[in-house]
Amino acid sequence: MSDLPRRAVTRSAKLATLPISFAGRAALGLGKRIGGKSAELVAQEVQQRTAEQIFKVLGELKGGAMKLGQALSIFEAALPQEIAGPYRATLTKLQEAAPPLPVSTVHKVLAEQLGEGWREHFLSFDDRPTAAASIGQVHKAVWHDGREVAVKIQYPGAGKALLGDFSQLARLGKLFGVLLPGLDMKALLGELRERVAEELDYLREAEAQHAFALEFDEDPDFHIPDVVAANEMVLVSEWMEGTPLSRIIAEGTQEERDHAGLLFVRFLFCSPARVGMLHADPHPGNFRVLPNGKLGVLDFGAVNRLPEGYPKAFGQLTRIFNQGDMQTVMAGLRQEGFIREDIDIDPDALRAFLAPYVEPTAVEEFTFSREWLQAQAASVADLRPTNVIRQLNLPPSYVLIHRVHAAGIGVLCQLGTTARFRDEVIRWVPGFADDPDDQPLPIG
């Protein structure tokens, strides 16, 4: 493998440059204050340079650093294009150009995990990977009973590299506090580390995938390939043909885009109610449109286990926002942990920030577009201390829900889907429908 896990000393050295650089910028800021520059202007300069350094280093690393960068995507939207642009470009390059394992290493992993006679399990096995991701790659094969299968193989050392990154990132809490004073970085990193540890366990992934496959068996809208065999580092699933969602984005008709986007939203919203889990990695590579029109779904390594379904407060606060009661919304956000006790937020600024996220639920039909998303990002793109996005916190229990919503909106805007999304929220998100028997939101 070419650069994951990389030598630990190299990864640590890259991460270690952050606190040193921050100390230098803080000293520079003090000098400028003595020289007469306003405290707010100096603070803004320090924050901007801190942001540049953070996202530069996160973009150069894979593993835990990349996972953190993905989790911070909502805050990244508040950064100027010249800072966030190169970071996003680097992330995209890393995700699309993951280097394949040498064939000898693939065979070695299979021998270690399935035994020296691993070939007996397959009638054929293609040594060329059909897909590669941050912690593993997929090969097409034919199982001994004649079924076409996908064989997912974890990179040796990926787990150690990922978890090692989080130990390094935990030291950077103070630095992130300058950039995002409302964020409880320690809690966020702890939650991310636990979720990443789950992603590394293919047996756990197999359990989740099998649960989805059973629930959606013969479903009119969705198809989930079932698990054939699994252990900690190899997962064998039924092969699934179909048109990748990325091709629908690039070449699909408007009708195909609308159909795929609506099913995409329906799957994400209905899964917690039907399976008690939320698929937490909704990028286009994990979805296929089958010839029969169903949406096929892959990769259940990242799931949010929600045995009670979506948090009821999520639906209630969205409904209350649409009704215009910002005081109750703010109180509810504080109770859920989105606004920390020591942070004061202007209600009008918060309303302006939240409006785009709630807008698709307030109308009968909505059109997502790249232009709409760019306008929303531009509305929060500054680093002033009063910027609402910098004052918000991401509670650990919402880390994966946020990841899904942020990535999901991005996919819908790429598709340019027009559909009745509000109907899906009413049907599947507890607390959103104005039910007379609904218990009031417990505030304060």
# chains A, B, ... in the order shown; residues from 1 in each chain; ligands from 1
$ residues_around --residues "A:Gly293" --least-positions-apart "6" --cutoff "9 Å" --atoms "only C-alpha atoms" --output "number ranges by chain"
A: 221-222, 259-260
$ select_by_dssp --residues "stretch 90-295 of chain A" --states "helix (DSSP H, G or I)" --output "ChimeraX atom specification"
/A:90-96,103-114,118-121,158-179,185-199,202-215,245-251,254-275,284-286
$ residues_around --residues "A:Gly315" --least-positions-apart "5" --cutoff "10 Å" --atoms "only C-alpha atoms" --output "PyMOL selection string"
chain A and resi 310+320-321+425-426+428-434
$ closest_atom_pairs --of "stretch 302-413 of chain A" --to "stretch 269-286 of chain A" --cutoff "7 Å" --atoms "only C-alpha atoms" --output "JSON lines"
{"residue": "A:Ala302", "atom": "CA", "partner": "A:Ala280", "partner_atom": "CA", "distance": 5.2}
{"residue": "A:Val303", "atom": "CA", "partner": "A:His279", "partner_atom": "CA", "distance": 4.8}
{"residue": "A:Asn304", "atom": "CA", "partner": "A:Leu278", "partner_atom": "CA", "distance": 4.9}
{"residue": "A:Arg305", "atom": "CA", "partner": "A:Met277", "partner_atom": "CA", "distance": 4.4}
{"residue": "A:Leu306", "atom": "CA", "partner": "A:Gly276", "partner_atom": "CA", "distance": 4.8}
{"residue": "A:Pro307", "atom": "CA", "partner": "A:Gly276", "partner_atom": "CA", "distance": 4.2}
{"residue": "A:Glu308", "atom": "CA", "partner": "A:Gly276", "partner_atom": "CA", "distance": 6.5}
{"residue": "A:Gly309", "atom": "CA", "partner": "A:Pro272", "partner_atom": "CA", "distance": 4.4}
{"residue": "A:Tyr310", "atom": "CA", "partner": "A:Pro272", "partner_atom": "CA", "distance": 6.1}
{"residue": "A:Leu400", "atom": "CA", "partner": "A:Ala280", "partner_atom": "CA", "distance": 5.9}
{"residue": "A:Arg403", "atom": "CA", "partner": "A:Ala280", "partner_atom": "CA", "distance": 6.8}
{"residue": "A:Val404", "atom": "CA", "partner": "A:Ala280", "partner_atom": "CA", "distance": 5.4}
{"residue": "A:Ala407", "atom": "CA", "partner": "A:Pro282", "partner_atom": "CA", "distance": 6.4}
{"residue": "A:Gly408", "atom": "CA", "partner": "A:Pro282", "partner_atom": "CA", "distance": 6.2}
{"residue": "A:Val411", "atom": "CA", "partner": "A:Pro284", "partner_atom": "CA", "distance": 6.9}
$ atom_distance --atom1 "atom CA of A:Tyr357" --atom2 "atom CA of A:Asn322"
11.1 Å
$ residues_around --residues "A:Val109" --least-positions-apart "2" --cutoff "9 Å" --atoms "only C-alpha atoms" --output "compact mmCIF listing (two decimals) with all heavy atoms, in the first residue's frame"
# COMPACT_ATOMS: atom_id res chain seq x y z
N SER A 104 -0.56 -9.38 -4.19
CA SER A 104 0.02 -10.28 -3.18
C SER A 104 -0.53 -9.98 -1.78
O SER A 104 -0.76 -10.90 -0.97
CB SER A 104 1.55 -10.15 -3.17
OG SER A 104 1.93 -8.81 -2.89
N THR A 105 -0.77 -8.70 -1.50
CA THR A 105 -1.32 -8.33 -0.19
C THR A 105 -2.77 -8.76 -0.07
O THR A 105 -3.22 -9.23 0.99
CB THR A 105 -1.21 -6.81 0.03
OG1 THR A 105 0.15 -6.41 -0.17
CG2 THR A 105 -1.65 -6.42 1.44
N VAL A 106 -3.54 -8.62 -1.16
CA VAL A 106 -4.93 -9.07 -1.17
C VAL A 106 -4.99 -10.56 -0.84
O VAL A 106 -5.75 -11.00 0.03
CB VAL A 106 -5.58 -8.81 -2.55
CG1 VAL A 106 -6.95 -9.50 -2.64
CG2 VAL A 106 -5.73 -7.32 -2.81
N HIS A 107 -4.15 -11.34 -1.50
CA HIS A 107 -4.14 -12.80 -1.26
C HIS A 107 -3.71 -13.12 0.16
O HIS A 107 -4.24 -14.06 0.79
CB HIS A 107 -3.20 -13.48 -2.26
CG HIS A 107 -3.71 -13.40 -3.68
ND1 HIS A 107 -3.00 -13.90 -4.75
CD2 HIS A 107 -4.85 -12.90 -4.19
CE1 HIS A 107 -3.69 -13.71 -5.87
NE2 HIS A 107 -4.82 -13.09 -5.55
N ALA A 111 -5.90 -15.13 2.88
CA ALA A 111 -5.38 -16.35 3.50
C ALA A 111 -5.43 -16.25 5.02
O ALA A 111 -5.77 -17.22 5.72
CB ALA A 111 -3.94 -16.60 3.03
N GLU A 112 -5.09 -15.06 5.54
CA GLU A 112 -5.12 -14.86 7.00
C GLU A 112 -6.55 -14.92 7.54
O GLU A 112 -6.79 -15.45 8.63
CB GLU A 112 -4.50 -13.51 7.34
CG GLU A 112 -2.98 -13.45 7.15
CD GLU A 112 -2.44 -12.05 7.36
OE1 GLU A 112 -3.26 -11.11 7.46
OE2 GLU A 112 -1.19 -11.89 7.42
N GLN A 113 -7.50 -14.38 6.78
CA GLN A 113 -8.86 -14.25 7.28
C GLN A 113 -9.75 -15.47 6.96
O GLN A 113 -10.64 -15.81 7.73
CB GLN A 113 -9.51 -12.99 6.70
CG GLN A 113 -8.83 -11.69 7.11
CD GLN A 113 -8.94 -11.43 8.60
OE1 GLN A 113 -10.02 -11.55 9.18
NE2 GLN A 113 -7.83 -11.08 9.23
N LEU A 114 -9.50 -16.10 5.80
CA LEU A 114 -10.36 -17.21 5.37
C LEU A 114 -9.65 -18.55 5.36
O LEU A 114 -10.28 -19.58 5.09
CB LEU A 114 -10.92 -16.92 3.97
CG LEU A 114 -11.68 -15.61 3.78
CD1 LEU A 114 -12.19 -15.50 2.33
CD2 LEU A 114 -12.85 -15.49 4.75
N ILE A 153 -12.41 -6.07 1.37
CA ILE A 153 -11.20 -6.43 2.11
C ILE A 153 -10.62 -5.19 2.78
O ILE A 153 -10.38 -4.18 2.12
CB ILE A 153 -10.15 -7.04 1.16
CG1 ILE A 153 -10.72 -8.28 0.47
CG2 ILE A 153 -8.86 -7.37 1.90
CD1 ILE A 153 -9.87 -8.79 -0.66
N GLN A 154 -10.39 -5.27 4.07
CA GLN A 154 -9.86 -4.12 4.81
C GLN A 154 -8.34 -4.01 4.64
O GLN A 154 -7.63 -5.01 4.66
CB GLN A 154 -10.20 -4.25 6.29
CG GLN A 154 -9.89 -3.00 7.11
CD GLN A 154 -10.39 -3.13 8.54
OE1 GLN A 154 -9.64 -2.90 9.50
NE2 GLN A 154 -11.65 -3.49 8.71
N TYR A 155 -7.86 -2.77 4.47
CA TYR A 155 -6.43 -2.55 4.35
C TYR A 155 -5.72 -2.96 5.64
O TYR A 155 -6.13 -2.54 6.73
CB TYR A 155 -6.12 -1.07 4.10
CG TYR A 155 -6.68 -0.49 2.83
CD1 TYR A 155 -7.13 0.83 2.81
CD2 TYR A 155 -6.74 -1.22 1.67
CE1 TYR A 155 -7.63 1.40 1.65
CE2 TYR A 155 -7.23 -0.68 0.50
CZ TYR A 155 -7.68 0.64 0.49
OH TYR A 155 -8.18 1.18 -0.66
N PRO A 156 -4.65 -3.74 5.57
CA PRO A 156 -3.87 -4.04 6.78
C PRO A 156 -3.33 -2.75 7.39
O PRO A 156 -2.81 -1.88 6.68
CB PRO A 156 -2.72 -4.91 6.24
CG PRO A 156 -3.20 -5.42 4.92
CD PRO A 156 -4.11 -4.38 4.36
N MET A 233 -12.29 -8.67 8.98
CA MET A 233 -11.64 -7.87 7.95
C MET A 233 -12.04 -8.22 6.52
O MET A 233 -11.56 -7.62 5.57
CB MET A 233 -10.11 -7.97 8.08
CG MET A 233 -9.56 -7.32 9.34
SD MET A 233 -7.75 -7.41 9.42
CE MET A 233 -7.26 -6.40 8.02
N VAL A 234 -12.95 -9.18 6.35
CA VAL A 234 -13.45 -9.54 5.02
C VAL A 234 -14.97 -9.67 5.10
O VAL A 234 -15.51 -10.32 6.00
CB VAL A 234 -12.84 -10.87 4.52
CG1 VAL A 234 -13.46 -11.28 3.20
CG2 VAL A 234 -11.32 -10.75 4.37
$ closest_residue --among "A:Trp143, A:Asp126, A:Gln137, A:Gly301" --to "A:Asp201" --atoms "only C-alpha atoms"
A:Gly301
